[in-house]
>>> print(open('run-v2.pdb').read())   # PDB, C-alpha atoms and all ligand atoms
ATOM      1  CA  MET A   1       0.000   0.000   0.000
ATOM      2  CA  THR A   2       1.271   3.433  -0.774
ATOM      3  CA  GLY A   3      -1.146   5.708   1.137
ATOM      4  CA  HIS A   4      -0.747   6.712   4.740
ATOM      5  CA  GLN A   5      -1.859   3.375   6.198
ATOM      6  CA  ASP A   6      -2.557  -0.240   5.332
ATOM      7  CA  ALA A   7      -5.935  -1.140   3.825
ATOM      8  CA  GLY A   8      -8.532  -1.894   6.489
ATOM      9  CA  ALA A   9     -10.317  -5.213   6.856
ATOM     10  CA  THR A  10     -12.525  -4.621   3.807
ATOM     11  CA  GLY A  11      -9.516  -3.623   1.713
ATOM     12  CA  ALA A  12      -7.639  -6.761   2.743
ATOM     13  CA  ARG A  13     -10.621  -8.969   1.831
ATOM     14  CA  VAL A  14     -11.111  -7.254  -1.512
ATOM     15  CA  ARG A  15      -7.409  -7.489  -2.280
ATOM     16  CA  HIS A  16      -7.433 -11.218  -1.560
ATOM     17  CA  TYR A  17     -10.582 -11.662  -3.662
ATOM     18  CA  TYR A  18      -9.026 -10.001  -6.728
ATOM     19  CA  ASP A  19      -5.538 -11.436  -6.217
ATOM     20  CA  ALA A  20      -7.022 -14.927  -6.133
ATOM     21  CA  ASN A  21      -9.705 -14.568  -8.797
ATOM     22  CA  THR A  22      -8.548 -12.115 -11.444
ATOM     23  CA  TRP A  23      -7.209 -14.832 -13.739
ATOM     24  CA  LYS A  24     -10.616 -16.554 -13.573
ATOM     25  CA  PHE A  25     -12.372 -13.297 -14.472
ATOM     26  CA  LEU A  26     -10.021 -12.946 -17.435
ATOM     27  CA  VAL A  27     -10.601 -16.515 -18.633
ATOM     28  CA  SER A  28     -14.384 -16.332 -18.273
ATOM     29  CA  GLY A  29     -14.756 -12.681 -19.314
ATOM     30  CA  ASN A  30     -14.134 -10.701 -22.430
ATOM     31  CA  GLN A  31     -11.525  -8.156 -23.531
ATOM     32  CA  ARG A  32      -9.785  -8.277 -20.129
ATOM     33  CA  ALA A  33     -12.444  -6.028 -18.645
ATOM     34  CA  ILE A  34     -13.894  -6.830 -15.237
ATOM     35  CA  HIS A  35     -17.197  -5.108 -15.768
ATOM     36  CA  ARG A  36     -20.437  -5.937 -17.512
ATOM     37  CA  GLU A  37     -21.409  -5.630 -21.116
ATOM     38  CA  LEU A  38     -23.575  -2.674 -22.059
ATOM     39  CA  TRP A  39     -25.595  -3.025 -25.224
ATOM     40  CA  GLY A  40     -25.815   0.676 -26.057
ATOM     41  CA  PRO A  41     -26.913   2.223 -29.338
ATOM     42  CA  GLY A  42     -24.878   0.876 -32.255
ATOM     43  CA  VAL A  43     -23.352  -1.975 -30.239
ATOM     44  CA  THR A  44     -23.497  -5.197 -32.252
ATOM     45  CA  SER A  45     -21.045  -7.573 -30.581
ATOM     46  CA  ALA A  46     -20.024  -8.658 -27.087
ATOM     47  CA  ASP A  47     -16.587  -7.071 -27.637
ATOM     48  CA  GLU A  48     -18.180  -3.705 -28.384
ATOM     49  CA  ALA A  49     -20.563  -4.158 -25.458
ATOM     50  CA  VAL A  50     -17.642  -4.581 -23.061
ATOM     51  CA  HIS A  51     -16.064  -1.391 -24.369
ATOM     52  CA  HIS A  52     -19.297   0.603 -24.254
ATOM     53  CA  ALA A  53     -18.503   1.766 -20.697
ATOM     54  CA  HIS A  54     -15.205   3.094 -22.105
ATOM     55  CA  THR A  55     -17.061   4.908 -24.881
ATOM     56  CA  LEU A  56     -19.182   6.593 -22.209
ATOM     57  CA  VAL A  57     -16.032   7.625 -20.339
ATOM     58  CA  LEU A  58     -14.464   8.997 -23.536
ATOM     59  CA  ASP A  59     -17.608  11.111 -23.978
ATOM     60  CA  GLU A  60     -16.909  12.648 -20.548
ATOM     61  CA  LEU A  61     -13.350  13.630 -21.431
ATOM     62  CA  GLY A  62     -13.028  17.337 -22.257
ATOM     63  CA  PRO A  63     -10.964  18.370 -25.307
ATOM     64  CA  ALA A  64      -8.215  19.850 -23.107
ATOM     65  CA  ASP A  65      -8.232  17.033 -20.541
ATOM     66  CA  SER A  66      -4.923  15.241 -20.472
ATOM     67  CA  ARG A  67      -4.624  13.470 -17.102
ATOM     68  CA  VAL A  68      -6.923  10.630 -16.084
ATOM     69  CA  LEU A  69      -6.984   8.620 -12.862
ATOM     70  CA  ASP A  70      -8.597   5.162 -12.953
ATOM     71  CA  LEU A  71      -9.773   4.286  -9.446
ATOM     72  CA  GLY A  72      -9.953   0.483  -9.256
ATOM     73  CA  CYS A  73      -8.271  -0.173 -12.591
ATOM     74  CA  GLY A  74      -8.465  -3.957 -12.810
ATOM     75  CA  VAL A  75      -5.802  -5.161 -15.248
ATOM     76  CA  GLY A  76      -5.569  -1.789 -16.975
ATOM     77  CA  THR A  77      -8.061  -2.320 -19.795
ATOM     78  CA  THR A  78      -9.761   1.055 -19.369
ATOM     79  CA  ALA A  79      -6.439   2.917 -19.154
ATOM     80  CA  LEU A  80      -5.119   1.249 -22.309
ATOM     81  CA  HIS A  81      -8.373   1.831 -24.169
ATOM     82  CA  LEU A  82      -8.422   5.552 -23.312
ATOM     83  CA  ALA A  83      -4.721   6.136 -24.020
ATOM     84  CA  GLN A  84      -5.021   4.393 -27.397
ATOM     85  CA  ARG A  85      -7.770   6.782 -28.442
ATOM     86  CA  ARG A  86      -6.849  10.129 -26.903
ATOM     87  CA  PRO A  87      -3.573  11.881 -26.096
ATOM     88  CA  VAL A  88      -3.984  11.348 -22.365
ATOM     89  CA  GLU A  89      -1.794  10.133 -19.554
ATOM     90  CA  VAL A  90      -3.618   7.576 -17.401
ATOM     91  CA  VAL A  91      -2.674   6.427 -13.920
ATOM     92  CA  GLY A  92      -4.497   3.308 -12.734
ATOM     93  CA  VAL A  93      -4.668   2.203  -9.115
ATOM     94  CA  SER A  94      -5.863  -1.116  -7.817
ATOM     95  CA  ILE A  95      -5.780  -2.604  -4.360
ATOM     96  CA  SER A  96      -4.702  -5.901  -5.907
ATOM     97  CA  PRO A  97      -0.947  -6.225  -6.559
ATOM     98  CA  ALA A  98      -1.676  -9.196  -8.853
ATOM     99  CA  GLN A  99      -3.839  -6.968 -11.049
ATOM    100  CA  VAL A 100      -1.228  -4.224 -11.120
ATOM    101  CA  ARG A 101       1.442  -6.716 -12.268
ATOM    102  CA  LEU A 102      -0.860  -7.906 -15.069
ATOM    103  CA  ALA A 103      -1.732  -4.330 -16.048
ATOM    104  CA  GLN A 104       1.972  -3.465 -16.261
ATOM    105  CA  ARG A 105       2.624  -6.566 -18.357
ATOM    106  CA  PHE A 106      -0.215  -5.799 -20.780
ATOM    107  CA  ALA A 107       0.876  -2.155 -21.074
ATOM    108  CA  ALA A 108       4.484  -3.174 -21.778
ATOM    109  CA  ARG A 109       3.290  -5.043 -24.887
ATOM    110  CA  ASN A 110       2.236  -1.751 -26.430
ATOM    111  CA  GLU A 111       5.344   0.298 -27.158
ATOM    112  CA  ARG A 112       3.366   3.274 -28.402
ATOM    113  CA  LEU A 113       1.839   3.707 -24.941
ATOM    114  CA  GLN A 114       5.111   3.644 -22.993
ATOM    115  CA  GLY A 115       5.043   6.596 -20.621
ATOM    116  CA  SER A 116       1.354   7.347 -21.085
ATOM    117  CA  VAL A 117      -0.063   4.634 -18.794
ATOM    118  CA  ARG A 118       1.140   3.781 -15.291
ATOM    119  CA  PHE A 119      -0.239   1.442 -12.678
ATOM    120  CA  ARG A 120       0.313   1.183  -8.974
ATOM    121  CA  THR A 121      -1.012  -0.683  -6.006
ATOM    122  CA  ALA A 122      -2.930   1.736  -3.822
ATOM    123  CA  ASP A 123      -6.127   2.012  -1.805
ATOM    124  CA  PHE A 124      -8.498   4.553  -3.315
ATOM    125  CA  THR A 125      -9.772   5.436   0.154
ATOM    126  CA  ASP A 126      -6.219   6.477   1.062
ATOM    127  CA  LEU A 127      -4.441   7.544  -2.110
ATOM    128  CA  PRO A 128      -0.749   8.405  -2.330
ATOM    129  CA  HIS A 129      -0.399  12.150  -1.766
ATOM    130  CA  GLU A 130       1.393  12.835  -5.027
ATOM    131  CA  LEU A 131      -1.655  11.787  -7.083
ATOM    132  CA  THR A 132      -3.130  15.231  -7.668
ATOM    133  CA  GLY A 133      -4.135  17.536 -10.509
ATOM    134  CA  PHE A 134      -6.158  15.039 -12.572
ATOM    135  CA  ASP A 135      -8.714  16.299 -15.081
ATOM    136  CA  LEU A 136     -10.878  13.185 -14.876
ATOM    137  CA  ALA A 137     -11.174  10.346 -12.377
ATOM    138  CA  VAL A 138     -13.107   7.251 -13.348
ATOM    139  CA  ALA A 139     -14.376   4.297 -11.321
ATOM    140  CA  ILE A 140     -15.992   1.452 -13.250
ATOM    141  CA  GLU A 141     -17.623  -1.120 -10.952
ATOM    142  CA  SER A 142     -15.148  -0.342  -8.183
ATOM    143  CA  PHE A 143     -17.045   2.225  -6.097
ATOM    144  CA  VAL A 144     -19.205  -0.495  -4.508
ATOM    145  CA  HIS A 145     -16.042  -1.778  -2.773
ATOM    146  CA  ALA A 146     -15.255   1.587  -1.173
ATOM    147  CA  ASP A 147     -15.192   1.421   2.596
ATOM    148  CA  PRO A 148     -16.075   3.987   3.632
ATOM    149  CA  ALA A 149     -17.601   5.674   0.582
ATOM    150  CA  ALA A 150     -16.955   9.090   2.153
ATOM    151  CA  ALA A 151     -13.212   8.412   2.009
ATOM    152  CA  PHE A 152     -13.482   7.428  -1.660
ATOM    153  CA  PHE A 153     -15.084  10.796  -2.471
ATOM    154  CA  ARG A 154     -12.644  12.700  -0.266
ATOM    155  CA  GLU A 155      -9.647  11.135  -2.025
ATOM    156  CA  ALA A 156     -11.145  11.536  -5.508
ATOM    157  CA  ALA A 157     -11.818  15.223  -4.805
ATOM    158  CA  ARG A 158      -8.256  15.702  -3.557
ATOM    159  CA  ALA A 159      -6.810  14.025  -6.654
ATOM    160  CA  LEU A 160      -8.838  16.166  -9.088
ATOM    161  CA  ARG A 161      -7.998  19.705 -10.162
ATOM    162  CA  PRO A 162     -10.700  22.305  -9.401
ATOM    163  CA  GLY A 163     -13.339  21.804 -12.093
ATOM    164  CA  GLY A 164     -12.201  18.209 -12.712
ATOM    165  CA  ALA A 165     -14.802  15.454 -12.986
ATOM    166  CA  LEU A 166     -15.353  12.084 -11.339
ATOM    167  CA  VAL A 167     -17.302   9.506 -13.362
ATOM    168  CA  VAL A 168     -18.672   6.529 -11.441
ATOM    169  CA  ILE A 169     -20.323   3.655 -13.313
ATOM    170  CA  ASP A 170     -21.828   1.225 -10.847
ATOM    171  CA  ASP A 171     -24.841  -0.293  -9.107
ATOM    172  CA  PHE A 172     -26.993   1.942  -6.923
ATOM    173  CA  ARG A 173     -29.664   0.790  -4.511
ATOM    174  CA  LEU A 174     -33.316   1.506  -5.145
ATOM    175  CA  CYS A 175     -34.619  -0.328  -2.061
ATOM    176  CA  ALA A 176     -34.058  -0.153   1.704
ATOM    177  CA  PRO A 177     -30.457  -0.894   2.754
ATOM    178  CA  SER A 178     -31.683  -3.697   5.000
ATOM    179  CA  ASP A 179     -33.563  -5.518   2.213
ATOM    180  CA  PRO A 180     -32.490  -9.167   2.663
ATOM    181  CA  ARG A 181     -32.618  -9.767  -1.092
ATOM    182  CA  LEU A 182     -29.385  -7.763  -1.351
ATOM    183  CA  SER A 183     -27.317  -9.967   0.927
ATOM    184  CA  ASP A 184     -26.106 -12.543  -1.642
ATOM    185  CA  VAL A 185     -24.934  -9.847  -3.995
ATOM    186  CA  ARG A 186     -23.247  -7.879  -1.220
ATOM    187  CA  ASP A 187     -21.443 -10.964   0.105
ATOM    188  CA  GLY A 188     -20.647 -12.551  -3.230
ATOM    189  CA  TRP A 189     -19.225  -9.423  -4.808
ATOM    190  CA  HIS A 190     -17.627  -7.997  -1.652
ATOM    191  CA  MET A 191     -19.706  -4.860  -1.849
ATOM    192  CA  ALA A 192     -18.998  -2.652   1.135
ATOM    193  CA  THR A 193     -21.042   0.207  -0.239
ATOM    194  CA  LEU A 194     -24.360  -0.199  -1.953
ATOM    195  CA  LEU A 195     -25.689   3.314  -1.752
ATOM    196  CA  SER A 196     -28.724   4.918  -3.279
ATOM    197  CA  GLU A 197     -27.959   7.745  -5.680
ATOM    198  CA  PRO A 198     -29.134  10.454  -3.218
ATOM    199  CA  GLU A 199     -26.898   8.953  -0.494
ATOM    200  CA  ALA A 200     -23.925   8.991  -2.868
ATOM    201  CA  ALA A 201     -24.728  12.561  -3.933
ATOM    202  CA  ARG A 202     -24.822  13.705  -0.283
ATOM    203  CA  LEU A 203     -21.470  12.114   0.571
ATOM    204  CA  ALA A 204     -19.886  13.477  -2.591
ATOM    205  CA  ALA A 205     -21.221  16.971  -1.894
ATOM    206  CA  ALA A 206     -19.641  16.854   1.575
ATOM    207  CA  ALA A 207     -16.319  16.222  -0.196
ATOM    208  CA  GLY A 208     -16.847  19.145  -2.589
ATOM    209  CA  LEU A 209     -18.088  17.081  -5.544
ATOM    210  CA  ASP A 210     -21.394  18.124  -7.095
ATOM    211  CA  LEU A 211     -23.513  15.571  -8.901
ATOM    212  CA  GLN A 212     -24.149  17.027 -12.340
ATOM    213  CA  VAL A 213     -25.160  14.072 -14.512
ATOM    214  CA  SER A 214     -27.006  10.851 -13.740
ATOM    215  CA  ARG A 215     -27.685   8.371 -16.537
ATOM    216  CA  ASP A 216     -29.540   5.141 -16.006
ATOM    217  CA  LEU A 217     -27.751   2.394 -17.919
ATOM    218  CA  SER A 218     -29.821  -0.469 -16.470
ATOM    219  CA  SER A 219     -31.696  -1.171 -19.676
ATOM    220  CA  LEU A 220     -28.390  -1.576 -21.560
ATOM    221  CA  GLN A 221     -27.516  -4.668 -19.528
ATOM    222  CA  ARG A 222     -28.290  -8.024 -21.068
ATOM    223  CA  LEU A 223     -29.562 -10.176 -18.266
ATOM    224  CA  GLY A 224     -30.009 -13.922 -18.717
ATOM    225  CA  ARG A 225     -27.395 -14.605 -21.415
ATOM    226  CA  PRO A 226     -26.698 -18.342 -22.010
ATOM    227  CA  ARG A 227     -23.712 -18.137 -19.639
ATOM    228  CA  ASP A 228     -25.933 -16.535 -16.962
ATOM    229  CA  ARG A 229     -28.490 -19.317 -17.390
ATOM    230  CA  LEU A 230     -25.750 -21.889 -16.838
ATOM    231  CA  VAL A 231     -24.639 -20.111 -13.663
ATOM    232  CA  ARG A 232     -28.306 -20.030 -12.621
ATOM    233  CA  ALA A 233     -28.672 -23.771 -13.150
ATOM    234  CA  ALA A 234     -25.525 -24.418 -11.108
ATOM    235  CA  GLN A 235     -26.752 -22.376  -8.110
ATOM    236  CA  PRO A 236     -27.543 -25.347  -5.823
ATOM    237  CA  VAL A 237     -23.949 -26.588  -6.146
ATOM    238  CA  LEU A 238     -22.399 -23.111  -6.037
ATOM    239  CA  ARG A 239     -24.346 -22.260  -2.894
ATOM    240  CA  ARG A 240     -23.020 -25.373  -1.184
ATOM    241  CA  LEU A 241     -19.443 -24.503  -2.192
ATOM    242  CA  ARG A 242     -19.489 -20.806  -1.407
ATOM    243  CA  SER A 243     -18.278 -21.044   2.198
ATOM    244  CA  ARG A 244     -15.118 -22.726   0.888
ATOM    245  CA  SER A 245     -14.616 -20.922  -2.409
ATOM    246  CA  VAL A 246     -14.648 -17.184  -3.082
ATOM    247  CA  TRP A 247     -15.116 -18.053  -6.746
ATOM    248  CA  ALA A 248     -18.355 -19.944  -6.012
ATOM    249  CA  GLN A 249     -19.380 -17.040  -3.766
ATOM    250  CA  SER A 250     -18.786 -14.647  -6.640
ATOM    251  CA  MET A 251     -20.921 -16.786  -8.994
ATOM    252  CA  VAL A 252     -23.726 -16.738  -6.408
ATOM    253  CA  GLY A 253     -23.265 -12.957  -6.191
ATOM    254  CA  GLY A 254     -23.458 -12.544  -9.963
ATOM    255  CA  ASP A 255     -26.700 -14.503 -10.144
ATOM    256  CA  ALA A 256     -28.130 -12.497  -7.240
ATOM    257  CA  LEU A 257     -27.118  -9.261  -8.985
ATOM    258  CA  GLN A 258     -29.142 -10.212 -12.037
ATOM    259  CA  ARG A 259     -32.132 -11.092  -9.849
ATOM    260  CA  CYS A 260     -31.879  -7.745  -8.026
ATOM    261  CA  HIS A 261     -31.882  -5.904 -11.353
ATOM    262  CA  ARG A 262     -34.884  -7.854 -12.607
ATOM    263  CA  GLN A 263     -36.738  -7.085  -9.363
ATOM    264  CA  GLY A 264     -35.922  -3.376  -9.641
ATOM    265  CA  LEU A 265     -33.857  -3.324  -6.428
ATOM    266  CA  LEU A 266     -30.760  -1.933  -8.141
ATOM    267  CA  ALA A 267     -30.012   0.479 -10.951
ATOM    268  CA  TYR A 268     -26.808   0.524 -12.992
ATOM    269  CA  ARG A 269     -25.892   4.175 -13.430
ATOM    270  CA  LEU A 270     -23.299   6.593 -14.661
ATOM    271  CA  LEU A 271     -22.878   9.482 -12.229
ATOM    272  CA  ARG A 272     -20.735  12.476 -13.090
ATOM    273  CA  PHE A 273     -19.541  14.683 -10.236
ATOM    274  CA  VAL A 274     -17.614  17.914 -10.656
ATOM    275  CA  ARG A 275     -15.160  19.338  -8.145
ATOM    276  CA  GLY A 276     -15.932  22.950  -7.268
ATOM    277  CA  SER A 277     -13.177  25.531  -7.401
TER     278      SER A 277
HETATM  279  C1  LIG B   1     -15.015  -5.194 -10.648
HETATM  280  S1  LIG B   1     -13.325  -4.725 -10.703
HETATM  281  C2  LIG B   1     -13.400  -3.486 -11.992
HETATM  282  C3  LIG B   1     -12.057  -3.309 -12.622
HETATM  283  C4  LIG B   1     -12.000  -2.278 -13.752
HETATM  284  N1  LIG B   1     -12.534  -0.989 -13.347
HETATM  285  C5  LIG B   1     -12.729  -2.781 -14.952
HETATM  286  O1  LIG B   1     -13.778  -2.219 -15.276
HETATM  287  O2  LIG B   1     -12.244  -3.733 -15.593
HETATM  288  C6  LIG B   1     -13.154  -3.722  -9.224
HETATM  289  C7  LIG B   1     -11.774  -3.081  -9.089
HETATM  290  O3  LIG B   1     -11.768  -2.225  -7.945
HETATM  291  C8  LIG B   1     -10.528  -2.395  -7.279
HETATM  292  N2  LIG B   1     -10.665  -1.970  -5.884
HETATM  293  C9  LIG B   1     -11.573  -2.393  -4.976
HETATM  294  N3  LIG B   1     -11.381  -1.770  -3.791
HETATM  295  C10 LIG B   1     -10.328  -0.930  -3.976
HETATM  296  C11 LIG B   1      -9.648  -0.013  -3.137
HETATM  297  N4  LIG B   1     -10.012   0.183  -1.859
HETATM  298  N5  LIG B   1      -8.627   0.686  -3.659
HETATM  299  C12 LIG B   1      -8.244   0.507  -4.942
HETATM  300  N6  LIG B   1      -8.834  -0.365  -5.789
HETATM  301  C13 LIG B   1      -9.863  -1.073  -5.305
HETATM  302  C14 LIG B   1     -10.240  -3.869  -7.443
HETATM  303  O4  LIG B   1      -8.905  -4.153  -7.149
HETATM  304  C15 LIG B   1     -10.618  -4.037  -8.913
HETATM  305  O5  LIG B   1      -9.547  -3.616  -9.716
END
>>> encode(input="run-v2.pdb", output="structure tokens")
Amino acid sequence: MTGHQDAGATGARVRHYYDANTWKFLVSGNQRAIHRELWGPGVTSADEAVHHAHTLVLDELGPADSRVLDLGCGVGTTALHLAQRRPVEVVGVSISPAQVRLAQRFAARNERLQGSVRFRTADFTDLPHELTGFDLAVAIESFVHADPAAAFFREAARALRPGGALVVIDDFRLCAPSDPRLSDVRDGWHMATLLSEPEAARLAAAAGLDLQVSRDLSSLQRLGRPRDRLVRAAQPVLRRLRSRSVWAQSMVGGDALQRCHRQGLLAYRLLRFVRGS
């Protein structure tokens, strides 16, 4: 860890989860992204659907923006995608050293990007002090791990220049926090934070970040793909295995996530916050 203290208990659990499982996400996923497909307008293939979140982020990048911070960068797919398309420098941070090693390896294969993408192990609730002055910070499916969410917003605000933007793409709660139907998804996906949008907006505002854009992306998800139906069918076995296997727990979480979306308990949103001057 490179911030002022070691990750807390949640951070340690999340780090272990991604250190142990990232290779499985890469084998079972697509395009080395650890986020869901979005079937937006004009998207015709699963590859494009995986990159649709990146297209949305590119849309948020101002013409003069040159420094991007990826909070919870996985294996660097977002950073590489952005730097290949715009003249930007991207710094990615992940709590998982295994992911950072992979991100560095993937980046090294692309000579043209040498110097424009960098990755480091860090906790986004306690960022290294030298990470400042960014034009855009982005968090794709990582905000739900933030513990506490207030610290995530505080650190993002500190890392941004005045007027810089934070784009969060993630699940937000539409039901009561105590709704028991959320517990499998919280446990399986190690979600520390499953806030409603107004709760997130309040915490962000306390950190000096104003919510300016909210887009509901829920209808762009494709729930119940053949792979999801397989995972569904395997639930009895996966549920028995989950106390011994974080992978099985994650498969139970993924199935529960789909159920929560179908039942209207969660919304998948893009929120854009801007740091005041
Ligand atoms: C679902 S993955 C998404 C990865 C990447 N954004 C993508 O879309 O491919 C969640 C990411 O958040 C990171 N993460 C979770 N908690 C974190 C923390 N406290 N500090 C930094 N990264 C964290 C994980 O290590 C992982 O890279």
>>> residues_near_ligand(input="run-v2.pdb", ligand="ligand LIG 1 (chain B)", cutoff="8 Å", atoms="only C-alpha atoms and all ligand atoms", output="ChimeraX atom specification")
/A:7,10-11,14-15,18,32-36,70-78,93-96,99,121-126,139-147
>>> write_last_selection(input="run-v2.pdb", atoms="C-alpha atoms", output="CSV table (one decimal), in the coordinates of the input")
chain,number,residue,atom,x,y,z
A,7,ALA,CA,-5.9,-1.1,3.8
A,10,THR,CA,-12.5,-4.6,3.8
A,11,GLY,CA,-9.5,-3.6,1.7
A,14,VAL,CA,-11.1,-7.3,-1.5
A,15,ARG,CA,-7.4,-7.5,-2.3
A,18,TYR,CA,-9.0,-10.0,-6.7
A,32,ARG,CA,-9.8,-8.3,-20.1
A,33,ALA,CA,-12.4,-6.0,-18.6
A,34,ILE,CA,-13.9,-6.8,-15.2
A,35,HIS,CA,-17.2,-5.1,-15.8
A,36,ARG,CA,-20.4,-5.9,-17.5
A,70,ASP,CA,-8.6,5.2,-13.0
A,71,LEU,CA,-9.8,4.3,-9.4
A,72,GLY,CA,-10.0,0.5,-9.3
A,73,CYS,CA,-8.3,-0.2,-12.6
A,74,GLY,CA,-8.5,-4.0,-12.8
A,75,VAL,CA,-5.8,-5.2,-15.2
A,76,GLY,CA,-5.6,-1.8,-17.0
A,77,THR,CA,-8.1,-2.3,-19.8
A,78,THR,CA,-9.8,1.1,-19.4
A,93,VAL,CA,-4.7,2.2,-9.1
A,94,SER,CA,-5.9,-1.1,-7.8
A,95,ILE,CA,-5.8,-2.6,-4.4
A,96,SER,CA,-4.7,-5.9,-5.9
A,99,GLN,CA,-3.8,-7.0,-11.0
A,121,THR,CA,-1.0,-0.7,-6.0
A,122,ALA,CA,-2.9,1.7,-3.8
A,123,ASP,CA,-6.1,2.0,-1.8
A,124,PHE,CA,-8.5,4.6,-3.3
A,125,THR,CA,-9.8,5.4,0.2
A,126,ASP,CA,-6.2,6.5,1.1
A,139,ALA,CA,-14.4,4.3,-11.3
A,140,ILE,CA,-16.0,1.5,-13.2
A,141,GLU,CA,-17.6,-1.1,-11.0
A,142,SER,CA,-15.1,-0.3,-8.2
A,143,PHE,CA,-17.0,2.2,-6.1
A,144,VAL,CA,-19.2,-0.5,-4.5
A,145,HIS,CA,-16.0,-1.8,-2.8
A,146,ALA,CA,-15.3,1.6,-1.2
A,147,ASP,CA,-15.2,1.4,2.6
>>> closest_residue(input="run-v2.pdb", among="A:Gln31, A:Gln258, A:Ser219, A:Ser66", to="A:His51", atoms="only C-alpha atoms")
A:Gln31
>>> closest_atom_pairs(input="run-v2.pdb", of="stretch 57-87 of chain A", to="stretch 265-277 of chain A", cutoff="12 Å", atoms="all atoms listed in the file", output="tab-separated table")
residue	atom	partner	partner_atom	distance
A:Val57	CA	A:Leu270	CA	9.3
A:Asp59	CA	A:Arg272	CA	11.4
A:Glu60	CA	A:Arg272	CA	8.4
A:Leu61	CA	A:Arg272	CA	11.2
>>> atom_distance(input="run-v2.pdb", atom1="atom CA of A:Ala79", atom2="atom CA of A:Ala207")
25.2 Å
>>> residues_around(input="run-v2.pdb", residues="A:Pro198", least_positions_apart="3", cutoff="12 Å", atoms="only C-alpha atoms", output="PDB file with C-alpha atoms, keeping the file's coordinate frame")
ATOM      1  CA  PHE A 172     -26.993   1.942  -6.923  1.00  0.00           C
ATOM      2  CA  ARG A 173     -29.664   0.790  -4.511  1.00  0.00           C
ATOM      3  CA  LEU A 174     -33.316   1.506  -5.145  1.00  0.00           C
ATOM      4  CA  LEU A 194     -24.360  -0.199  -1.953  1.00  0.00           C
ATOM      5  CA  LEU A 195     -25.689   3.314  -1.752  1.00  0.00           C
ATOM      6  CA  ALA A 201     -24.728  12.561  -3.933  1.00  0.00           C
ATOM      7  CA  ARG A 202     -24.822  13.705  -0.283  1.00  0.00           C
ATOM      8  CA  LEU A 203     -21.470  12.114   0.571  1.00  0.00           C
ATOM      9  CA  ALA A 204     -19.886  13.477  -2.591  1.00  0.00           C
ATOM     10  CA  ALA A 205     -21.221  16.971  -1.894  1.00  0.00           C
ATOM     11  CA  ASP A 210     -21.394  18.124  -7.095  1.00  0.00           C
ATOM     12  CA  LEU A 211     -23.513  15.571  -8.901  1.00  0.00           C
ATOM     13  CA  SER A 214     -27.006  10.851 -13.740  1.00  0.00           C
ATOM     14  CA  LEU A 271     -22.878   9.482 -12.229  1.00  0.00           C
TER      15      LEU A 271
END
>>> closest_residue(input="run-v2.pdb", among="A:Leu209, A:Pro177, A:Pro87, A:Pro97", to="A:Ala20", atoms="only C-alpha atoms")
A:Pro97
>>> resolve_selection(input="run-v2.pdb", expression="the PyMOL selection byres (((chain A and resi 157) around 8) and not hetatm)", output="list in words")
Phe153, Arg154, Glu155, Ala156, Arg158, Ala159, Leu160, Arg161, Ala207, Gly208, Leu209 and Arg275 of chain A
>>> closest_residue(input="run-v2.pdb", among="A:Ser45, A:Ser245, A:Gln84, A:Gln212", to="A:Gly188", atoms="all atoms listed in the file")
A:Ser245
>>> resolve_selection(input="run-v2.pdb", expression="the PyMOL selection byres (((chain A and resi 116) around 7) and not hetatm)", output="list in words")
Ala83, Val88, Glu89, Val90, Leu113, Gln114, Gly115, Val117 and Arg118 of chain A
>>> residues_around(input="run-v2.pdb", residues="A:Gln104", least_positions_apart="3", cutoff="8 Å", atoms="only C-alpha atoms", output="MDAnalysis selection string")
chainID A and resid 76 100:101 107:108 118:119
>>> write_last_selection(input="run-v2.pdb", atoms="C-alpha atoms", output="PDB file, in the coordinates of the input")
ATOM      1  CA  GLY A  76      -5.569  -1.789 -16.975  1.00  0.00           C
ATOM      2  CA  VAL A 100      -1.228  -4.224 -11.120  1.00  0.00           C
ATOM      3  CA  ARG A 101       1.442  -6.716 -12.268  1.00  0.00           C
ATOM      4  CA  ALA A 107       0.876  -2.155 -21.074  1.00  0.00           C
ATOM      5  CA  ALA A 108       4.484  -3.174 -21.778  1.00  0.00           C
ATOM      6  CA  ARG A 118       1.140   3.781 -15.291  1.00  0.00           C
ATOM      7  CA  PHE A 119      -0.239   1.442 -12.678  1.00  0.00           C
TER       8      PHE A 119
END
>>> residues_around(input="run-v2.pdb", residues="A:Pro41", least_positions_apart="6", cutoff="10 Å", atoms="all atoms listed in the file", output="PDB file with C-alpha atoms, in the coordinates of the input")
ATOM      1  CA  ALA A  49     -20.563  -4.158 -25.458  1.00  0.00           C
ATOM      2  CA  HIS A  52     -19.297   0.603 -24.254  1.00  0.00           C
ATOM      3  CA  LEU A 220     -28.390  -1.576 -21.560  1.00  0.00           C
TER       4      LEU A 220
END
>>> axis_aligned_box(input="run-v2.pdb", around="stretch 183-197 of chain A", padding_each_side="6 Å", output="AutoDock Vina command-line options")
--center_x -23.2 --center_y -2.4 --center_z -2.3 --size_x 23.1 --size_y 32.3 --size_z 18.8
>>> closest_residue(input="run-v2.pdb", among="A:Ala234, A:Leu131, A:Cys260, A:Leu69", to="A:Ala248", atoms="all atoms listed in the file")
A:Ala234
>>> atom_distance(input="run-v2.pdb", atom1="atom CA of A:Leu257", atom2="atom CA of A:Val185")
5.5 Å
